[in-house]
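Okay, upload-v7.cif now, which holds mmCIF, C-alpha atoms:
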```cif
data_query
#
loop_
_atom_site.label_atom_id
_atom_site.label_comp_id
_atom_site.auth_asym_id
_atom_site.auth_seq_id
_atom_site.Cartn_x
_atom_site.Cartn_y
_atom_site.Cartn_z
CA MET X 208 25.63 -30.36 -14.23
CA LEU X 209 24.93 -26.68 -14.25
CA ALA X 210 21.60 -27.09 -15.96
CA SER X 211 20.53 -30.09 -13.94
CA GLU X 212 21.29 -28.32 -10.67
CA MET X 213 19.21 -25.32 -11.62
CA PHE X 214 16.49 -27.50 -13.12
CA GLU X 215 16.23 -29.25 -9.77
CA PHE X 216 16.01 -25.88 -8.04
CA ARG X 217 13.34 -24.74 -10.48
CA ASN X 218 11.33 -27.92 -9.85
CA LEU X 219 11.65 -27.48 -6.12
CA LEU X 220 10.02 -24.05 -6.45
CA ALA X 221 7.41 -25.31 -8.90
CA GLY X 222 6.53 -28.12 -6.48
CA LYS X 223 5.62 -25.48 -3.92
CA GLY X 224 3.37 -23.76 -6.45
CA ILE X 225 5.74 -20.82 -6.78
CA LEU X 226 5.27 -18.76 -9.94
CA PHE X 227 7.66 -15.94 -9.04
CA CYS X 228 10.64 -16.01 -6.76
CA TYR X 229 13.16 -13.29 -6.07
CA SER X 230 15.98 -13.52 -3.59
CA GLY X 231 18.17 -10.50 -3.30
CA TYR X 232 18.35 -6.81 -2.65
CA MET X 233 15.03 -5.12 -3.17
CA THR X 234 14.52 -1.65 -4.60
CA GLU X 235 11.51 0.30 -5.81
CA ASP X 236 12.50 -0.48 -9.40
CA VAL X 237 12.58 -4.19 -8.61
CA LEU X 238 9.12 -3.71 -7.10
CA SER X 239 7.79 -2.05 -10.26
CA GLY X 240 9.30 -4.59 -12.61
CA ILE X 241 8.16 -7.70 -10.79
CA GLY X 242 4.80 -6.06 -10.07
CA GLN X 243 4.22 -5.54 -13.77
CA ALA X 244 5.10 -9.16 -14.54
CA ILE X 245 2.78 -10.40 -11.78
CA ARG X 246 -0.10 -8.37 -13.18
CA MET X 247 0.55 -9.74 -16.67
CA LYS X 248 0.73 -13.32 -15.44
CA LEU X 249 -2.53 -12.97 -13.49
CA GLU X 250 -4.19 -11.51 -16.54
CA LEU X 251 -2.96 -14.40 -18.68
CA GLU X 252 -4.28 -16.85 -16.10
CA GLU X 253 -7.61 -15.02 -16.28
CA ALA X 254 -7.57 -14.70 -12.51
CA ASP X 255 -10.56 -12.97 -10.98
CA LYS X 256 -9.89 -9.21 -10.98
CA ALA X 257 -10.52 -8.89 -7.24
CA VAL X 258 -8.02 -11.71 -6.65
CA ALA X 259 -5.49 -10.07 -8.98
CA ARG X 260 -5.84 -6.74 -7.16
CA GLY X 261 -5.44 -8.54 -3.83
CA VAL X 262 -2.27 -10.31 -4.94
CA PHE X 263 -0.77 -7.08 -6.24
CA SER X 264 -1.57 -5.22 -3.06
CA LEU X 265 -0.11 -7.96 -0.82
CA PHE X 266 2.96 -7.95 -3.01
CA VAL X 267 3.51 -4.18 -2.72
CA GLU X 268 3.02 -4.07 1.05
CA GLN X 269 5.32 -7.01 1.67
CA VAL X 270 8.10 -5.89 -0.66
CA GLN X 271 7.97 -2.34 0.72
CA ASN X 272 8.32 -3.85 4.20
CA VAL X 273 11.54 -5.53 3.09
CA ILE X 274 12.78 -2.34 1.39
CA ARG X 275 12.17 -0.35 4.56
CA TYR X 276 12.78 -2.72 7.43
CA SER X 277 14.91 -5.75 6.55
CA ALA X 278 17.81 -5.97 9.00
CA GLU X 279 20.06 -7.35 6.29
CA LYS X 280 21.23 -4.22 4.56
CA GLU X 281 24.09 -2.51 2.87
CA GLU X 282 24.61 1.20 2.83
CA LEU X 283 26.30 3.04 0.04
CA VAL X 284 26.93 6.68 -0.72
CA MET X 285 26.25 7.77 -4.29
CA SER X 286 27.08 11.37 -5.27
CA GLY X 287 26.76 12.46 -1.68
CA ILE X 288 23.43 10.76 -1.07
CA SER X 289 23.39 7.76 1.20
CA LYS X 290 21.34 4.86 -0.07
CA GLU X 291 20.42 1.53 1.40
CA LEU X 292 19.93 -1.84 -0.16
CA ARG X 293 17.94 -4.31 1.88
CA PHE X 294 17.80 -8.03 1.35
CA GLY X 295 14.76 -10.29 1.33
CA VAL X 296 13.15 -13.25 -0.39
CA LEU X 297 9.83 -12.93 -2.19
CA SER X 298 7.64 -15.67 -3.57
CA VAL X 299 4.29 -15.49 -5.30
CA GLY X 300 2.42 -18.61 -6.25
CA ASN X 301 -0.70 -20.65 -6.27
CA ILE X 302 -1.42 -23.62 -4.09
CA ASP X 303 -4.68 -25.61 -4.18
CA GLY X 304 -6.29 -22.82 -6.19
CA ASP X 305 -5.37 -20.01 -3.81
CA PHE X 306 -2.80 -17.39 -4.69
CA PHE X 307 -0.25 -16.51 -2.06
CA VAL X 308 2.41 -13.86 -1.52
CA SER X 309 5.25 -14.45 0.90
CA CYS X 310 8.24 -12.40 2.00
CA SER X 311 10.98 -13.23 4.43
CA ASN X 312 13.91 -11.30 5.81
CA LEU X 313 16.18 -10.91 8.81
CA ILE X 314 14.99 -8.78 11.69
CA GLU X 315 16.58 -7.75 14.97
CA ASP X 316 15.78 -10.06 17.89
CA ASP X 317 14.59 -6.99 19.79
CA ASP X 318 11.74 -6.59 17.31
CA VAL X 319 10.51 -10.19 17.40
CA LYS X 320 8.35 -9.90 20.50
CA ARG X 321 6.60 -6.72 19.38
CA LEU X 322 6.02 -7.97 15.85
CA ASP X 323 4.77 -11.35 17.08
CA LYS X 324 2.33 -9.68 19.47
CA ASN X 325 1.05 -7.29 16.81
CA LEU X 326 0.56 -9.94 14.16
CA LYS X 327 -1.12 -12.33 16.60
CA HIS X 328 -3.47 -9.55 17.63
CA ILE X 329 -4.28 -8.72 13.99
CA GLN X 330 -5.01 -12.40 13.33
CA THR X 331 -7.72 -12.44 16.02
CA LEU X 332 -9.68 -9.60 14.41
CA ASP X 333 -12.66 -10.00 12.09
CA SER X 334 -13.22 -7.62 9.16
CA ASP X 335 -14.93 -4.97 11.32
CA GLY X 336 -12.15 -5.17 13.89
CA LEU X 337 -9.53 -4.82 11.15
CA LYS X 338 -11.32 -1.83 9.68
CA LYS X 339 -11.44 -0.16 13.09
CA LEU X 340 -7.76 -0.81 13.80
CA TYR X 341 -6.83 0.32 10.28
CA LYS X 342 -8.54 3.66 10.77
CA GLU X 343 -7.20 4.16 14.28
CA THR X 344 -3.70 3.44 13.05
CA LEU X 345 -4.06 5.84 10.12
CA ARG X 346 -5.14 8.49 12.60
CA GLY X 347 -2.24 7.65 14.86
CA GLU X 348 -4.60 6.76 17.69
CA THR X 349 -3.40 3.19 17.97
CA PRO X 350 -3.99 1.66 21.40
CA ASP X 351 -0.89 0.72 23.41
CA GLY X 352 -1.02 -2.99 22.63
CA SER X 353 -0.82 -2.39 18.88
CA LYS X 354 1.78 0.34 18.70
CA GLY X 355 4.47 0.04 16.09
CA ALA X 356 2.65 -2.35 13.76
CA GLY X 357 2.16 0.42 11.26
CA VAL X 358 -0.74 0.07 8.93
CA GLY X 359 1.01 -2.22 6.46
CA PHE X 360 0.29 -5.49 8.25
CA ILE X 361 -3.33 -4.50 8.88
CA ASP X 362 -3.67 -3.81 5.19
CA ILE X 363 -2.15 -7.23 4.46
CA ALA X 364 -4.66 -8.86 6.82
CA ARG X 365 -7.56 -7.05 5.15
CA ARG X 366 -6.43 -8.07 1.68
CA ALA X 367 -5.60 -11.67 2.60
CA LYS X 368 -9.10 -13.03 2.15
CA LYS X 369 -7.90 -16.56 2.95
CA GLY X 370 -5.80 -15.48 5.93
CA PHE X 371 -2.09 -15.23 6.60
CA GLU X 372 0.53 -17.10 8.57
CA PHE X 373 3.91 -16.05 9.91
CA ASP X 374 6.74 -17.23 12.10
CA PHE X 375 10.23 -16.52 13.32
CA MET X 376 13.44 -18.48 13.58
CA PRO X 377 16.47 -17.42 15.64
CA VAL X 378 19.54 -17.15 13.40
CA LYS X 379 22.63 -15.59 15.02
CA ASP X 380 24.15 -12.29 16.11
CA ASN X 381 20.93 -11.19 17.80
CA ARG X 382 18.96 -11.65 14.64
CA SER X 383 16.00 -13.76 13.64
CA TYR X 384 14.48 -14.75 10.35
CA PHE X 385 10.91 -13.60 9.81
CA CYS X 386 8.49 -14.96 7.24
CA ILE X 387 4.94 -13.98 6.39
CA LYS X 388 2.68 -15.72 3.87
CA ALA X 389 -0.71 -14.33 2.90
CA TYR X 390 -3.41 -16.07 0.88
CA VAL X 391 -6.05 -14.61 -1.42
CA MET Q 3 0.86 29.17 -8.99
CA THR Q 4 -2.59 28.53 -10.40
CA LYS Q 5 -2.00 25.05 -11.74
CA VAL Q 6 -0.05 21.98 -10.78
CA ASN Q 7 0.18 19.24 -13.38
CA ILE Q 8 2.31 16.21 -12.71
CA PRO Q 9 2.00 13.29 -15.13
CA ALA Q 10 1.42 9.84 -13.70
CA THR Q 11 4.35 7.49 -13.30
CA GLU Q 12 4.32 3.78 -12.63
CA ARG Q 13 4.20 4.36 -8.89
CA SER Q 14 2.71 7.82 -8.52
CA PRO Q 15 -0.63 9.28 -9.59
CA GLU Q 16 -1.36 12.05 -12.06
CA VAL Q 17 -1.81 15.31 -10.20
CA ASP Q 18 -4.19 17.75 -11.85
CA PHE Q 19 -4.74 20.76 -9.60
CA ASP Q 20 -6.31 23.94 -10.92
CA PHE Q 21 -6.29 26.40 -8.04
CA SER Q 22 -7.93 29.23 -9.98
CA VAL Q 23 -11.17 27.26 -10.49
CA ASN Q 24 -10.83 25.10 -7.36
CA LYS Q 25 -10.82 21.82 -9.23
CA PHE Q 26 -8.42 19.14 -8.11
CA ALA Q 27 -7.86 15.55 -9.17
CA LEU Q 28 -5.59 12.61 -8.40
CA ARG Q 29 -5.64 9.75 -10.90
CA GLY Q 30 -3.93 6.42 -11.22
CA GLU Q 31 -1.70 4.39 -8.97
CA SER Q 32 -0.05 5.51 -5.77
CA TYR Q 33 2.74 3.59 -4.08
CA PRO Q 34 5.70 5.96 -4.29
CA GLU Q 35 8.96 5.20 -2.55
CA ASP Q 36 8.56 8.19 -0.26
CA VAL Q 37 4.94 9.33 0.09
CA ASN Q 38 5.92 12.39 2.09
CA ALA Q 39 8.36 13.58 -0.55
CA PHE Q 40 5.66 13.20 -3.20
CA PHE Q 41 2.58 14.45 -1.34
CA GLY Q 42 4.13 16.78 1.26
CA PRO Q 43 4.58 19.83 -1.00
CA LEU Q 44 1.15 19.27 -2.59
CA MET Q 45 -0.51 19.09 0.82
CA ASP Q 46 1.19 22.34 1.87
CA GLN Q 47 0.00 24.11 -1.26
CA LEU Q 48 -3.55 22.87 -0.80
CA GLU Q 49 -3.63 23.80 2.84
CA SER Q 50 -2.52 27.39 2.32
CA HIS Q 51 -4.86 27.71 -0.67
CA PHE Q 52 -7.88 26.45 1.26
CA GLU Q 53 -7.13 28.84 4.10
CA ASN Q 54 -7.57 31.74 1.70
CA GLN Q 55 -10.88 30.57 0.25
CA ASP Q 56 -14.18 31.99 1.35
CA ALA Q 57 -17.53 30.54 0.27
CA ALA Q 58 -15.80 28.90 -2.69
CA ASP Q 59 -17.00 25.86 -4.66
CA ILE Q 60 -14.28 23.26 -4.36
CA LEU Q 61 -14.26 19.94 -6.18
CA PHE Q 62 -11.73 17.23 -5.42
CA THR Q 63 -11.82 14.07 -7.53
CA PHE Q 64 -10.11 10.77 -6.79
CA GLU Q 65 -9.75 8.29 -9.62
CA LEU Q 66 -7.37 5.84 -8.04
CA ILE Q 67 -6.70 2.37 -9.36
CA TYR Q 68 -4.50 1.26 -6.50
CA PHE Q 69 -2.88 2.88 -3.48
CA ASN Q 70 -0.68 1.43 -0.76
CA SER Q 71 -1.04 1.79 2.98
CA SER Q 72 1.37 4.74 3.21
CA THR Q 73 -0.77 6.60 0.70
CA ALA Q 74 -3.84 5.68 2.79
CA LYS Q 75 -2.44 7.80 5.59
CA ILE Q 76 -1.96 10.75 3.23
CA LEU Q 77 -5.55 10.39 2.02
CA MET Q 78 -6.75 10.54 5.61
CA GLY Q 79 -4.93 13.88 5.96
CA LEU Q 80 -6.47 15.17 2.74
CA PHE Q 81 -9.99 14.26 3.86
CA ASP Q 82 -9.40 16.11 7.15
CA MET Q 83 -8.34 19.11 5.13
CA PHE Q 84 -11.49 18.97 2.98
CA ASP Q 85 -13.67 18.83 6.05
CA GLN Q 86 -11.94 21.82 7.59
CA ALA Q 87 -12.31 23.80 4.38
CA ALA Q 88 -16.03 22.94 4.34
CA GLU Q 89 -16.46 23.79 8.00
CA SER Q 90 -15.02 27.23 7.43
CA GLY Q 91 -17.69 28.09 4.89
CA ASN Q 92 -16.68 26.61 1.55
CA LYS Q 93 -18.79 24.19 -0.44
CA VAL Q 94 -16.58 21.16 -0.81
CA ILE Q 95 -17.48 18.16 -2.93
CA VAL Q 96 -15.28 15.08 -2.76
CA GLU Q 97 -15.80 12.69 -5.63
CA TRP Q 98 -14.48 9.15 -5.26
CA CYS Q 99 -14.47 7.17 -8.52
CA TYR Q 100 -14.08 3.41 -8.57
CA GLU Q 101 -14.21 0.89 -11.39
CA GLU Q 102 -17.52 -0.93 -11.46
CA ASP Q 103 -16.03 -4.29 -10.51
CA ASP Q 104 -13.73 -2.96 -7.80
CA ASP Q 105 -15.65 -3.56 -4.55
CA ASN Q 106 -12.55 -2.93 -2.50
CA MET Q 107 -12.00 0.56 -3.90
CA GLU Q 108 -15.70 1.30 -3.35
CA GLU Q 109 -15.43 0.14 0.26
CA LEU Q 110 -12.30 2.22 0.89
CA GLY Q 111 -14.10 5.26 -0.51
CA GLU Q 112 -17.04 4.65 1.82
CA GLU Q 113 -14.68 4.38 4.76
CA TYR Q 114 -13.11 7.75 4.00
CA GLY Q 115 -16.44 9.32 3.12
CA GLU Q 116 -18.13 8.38 6.37
CA ASP Q 117 -15.66 10.50 8.31
CA LEU Q 118 -16.67 13.69 6.51
CA GLU Q 119 -18.96 15.86 8.59
CA HIS Q 120 -19.06 19.04 6.53
CA ALA Q 121 -17.88 18.24 3.02
CA ASP Q 122 -20.15 16.41 0.57
CA PHE Q 123 -19.10 12.99 -0.56
CA VAL Q 124 -20.02 11.36 -3.86
CA LEU Q 125 -19.22 7.75 -4.77
CA LYS Q 126 -19.07 7.39 -8.51
CA LYS Q 127 -19.01 4.12 -10.39
CA VAL Q 128 -17.07 4.23 -13.65
CA ALA Q 129 -16.62 1.64 -16.38
CA ALA Q 130 -13.69 -0.72 -15.92
CA ASP Q 131 -10.88 -0.57 -18.46
#
```
Output the file's structure in the form of structure tokens.
Amino acid sequence: MLASEMFEFRNLLAGKGILFCYSGYMTEDVLSGIGQAIRMKLELEEADKAVARGVFSLFVEQVQNVIRYSAEKEELVMSGISKELRFGVLSVGNIDGDFFVSCSNLIEDDDVKRLDKNLKHIQTLDSDGLKKLYKETLRGETPDGSKGAGVGFIDIARRAKKGFEFDFMPVKDNRSYFCIKAYV
Amino acid sequence: MTKVNIPATERSPEVDFDFSVNKFALRGESYPEDVNAFFGPLMDQLESHFENQDAADILFTFELIYFNSSTAKILMGLFDMFDQAAESGNKVIVEWCYEEDDDNMEELGEEYGEDLEHADFVLKKVAAD
């Protein structure tokens, strides 16, 4: 029973092309550990090096987004220092020959509109437009319409050679679920 | 303080700064948990050092394998610092190394390099591991 239930779960993930899946609290050590395994797996698969670098980069940006911004968090104080654990779901896989990296987490409803607007704007840009916005954002000269996106999502868009998709779902208690999936 | 040597970790680059001969290098990967905690003190040291240089030959070498977007912002600040040091009379060479098959790292180097008005910029192709 136990095995068959988990085997079913495993097959469900495999059916979606998922090679790695992590659901839980994310920390920098989790990032390093999974990152190392992803690099090894891509090397074993003899993935193109540019593709492997792209996957790794998308992975770092997305997981660090969860670590920094997920609204589902727990705070703890360890030897006087307050620490946070933030929850998210990561998946890395390959579908129809393209690698993808996806992260999802809860966000505050108040942030949905801004995030949606920023990501939609980023999606309209070509590589020159992304480069321009990337530099402006690094210099902190972001135009009004793009404020708050940070440079992380622009970096994701630049690395996602096959594009990215995202959406939101209202959950409860003024929170929504946010998911982004980027393809290399 | 004439030297700063910090070994690379999984998420932070090797720092090899020799202030007495004006040779500086960052090597490896950079996606630390807190970029400001890692780079802040280094930036302060560099800034006050550059302010005290006059007609010096300064070489700064980047040999980065991967860096995240937070590090990208730090790099922008470093490049501004190099340009200022060059503008105030020092000869500053910024060397950006990239592995021969890493077009993305080459492109990122070009993007930083094109903003330099006073410092010299050198793109250097190195053999991949």
Item to complete: List the neighbours of Val262 (chain X) out to 10 Å using all atoms listed in the file; skip same-chain residues closer than 6 positions along the sequence, and give me the result as a PyMOL selection string.
Response: chain X and resi 242+245-246+249+256+299-300+306-308+363+366-367+389-391
Could you build a table of the residues in region 270-320 of chain X lying no more than 7 Å from region 229-239 of chain X, giving for each the nearest pair of atoms and their separation in Å rounded to one decimal place, using only C-alpha atoms, ordered by chain and ascending residue number, as a Markdown table?
```
| residue | atom | partner | partner_atom | distance |
| --- | --- | --- | --- | --- |
| X:Val270 | CA | X:Leu238 | CA | 6.9 |
| X:Ile274 | CA | X:Met233 | CA | 5.8 |
| X:Leu292 | CA | X:Tyr232 | CA | 5.8 |
| X:Arg293 | CA | X:Tyr232 | CA | 5.2 |
| X:Phe294 | CA | X:Tyr232 | CA | 4.2 |
| X:Gly295 | CA | X:Gly231 | CA | 5.8 |
| X:Val296 | CA | X:Ser230 | CA | 4.3 |
| X:Leu297 | CA | X:Tyr229 | CA | 5.1 |
| X:Ser298 | CA | X:Tyr229 | CA | 6.5 |
```
Discussion item. Select, as a PyMOL selection string, those residues of chain X with any atom no more than 7 Å from chain Q (distances computed using all atoms listed in the file).
Written reply: chain X and resi 235+257+268+345+358-359+362
Item to complete: Please provide the set of residues having any atom within 12 Å of region 210-217 of chain X, restricted to all atoms listed in the file, with same-chain residues fewer than 3 positions apart removed, written as a PyMOL selection string.
Response: chain X and resi 220-228
Item to complete: Skip region 21-32 of chain Q itself and residues of its chain fewer than 5 positions away, then list as a ChimeraX atom specification all residues within 6 Å of it, counting only C-alpha atoms.
Response: /Q:4-5,13-16,60-69
Fill in: Resolved residues for the PyMOL selection byres ((chain X and resi 281) around 8) as a PyMOL selection string
chain X and resi 279-280+282-283+291-293
Item to complete: Just the residues within 6 Å of Ser277 (chain X), please, counting only C-alpha atoms, with nothing from its chain fewer than 6 positions along; format it as an MDAnalysis selection string.
Response: chainID X and resid 293 312:314
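A straight line drawn from CA of Asn7 (chain Q) to CA of Gln271 (chain X) is 26.9 Å long.
CA of Glu109 (chain Q) lies 14.6 Å from CA of Val128 (chain Q).
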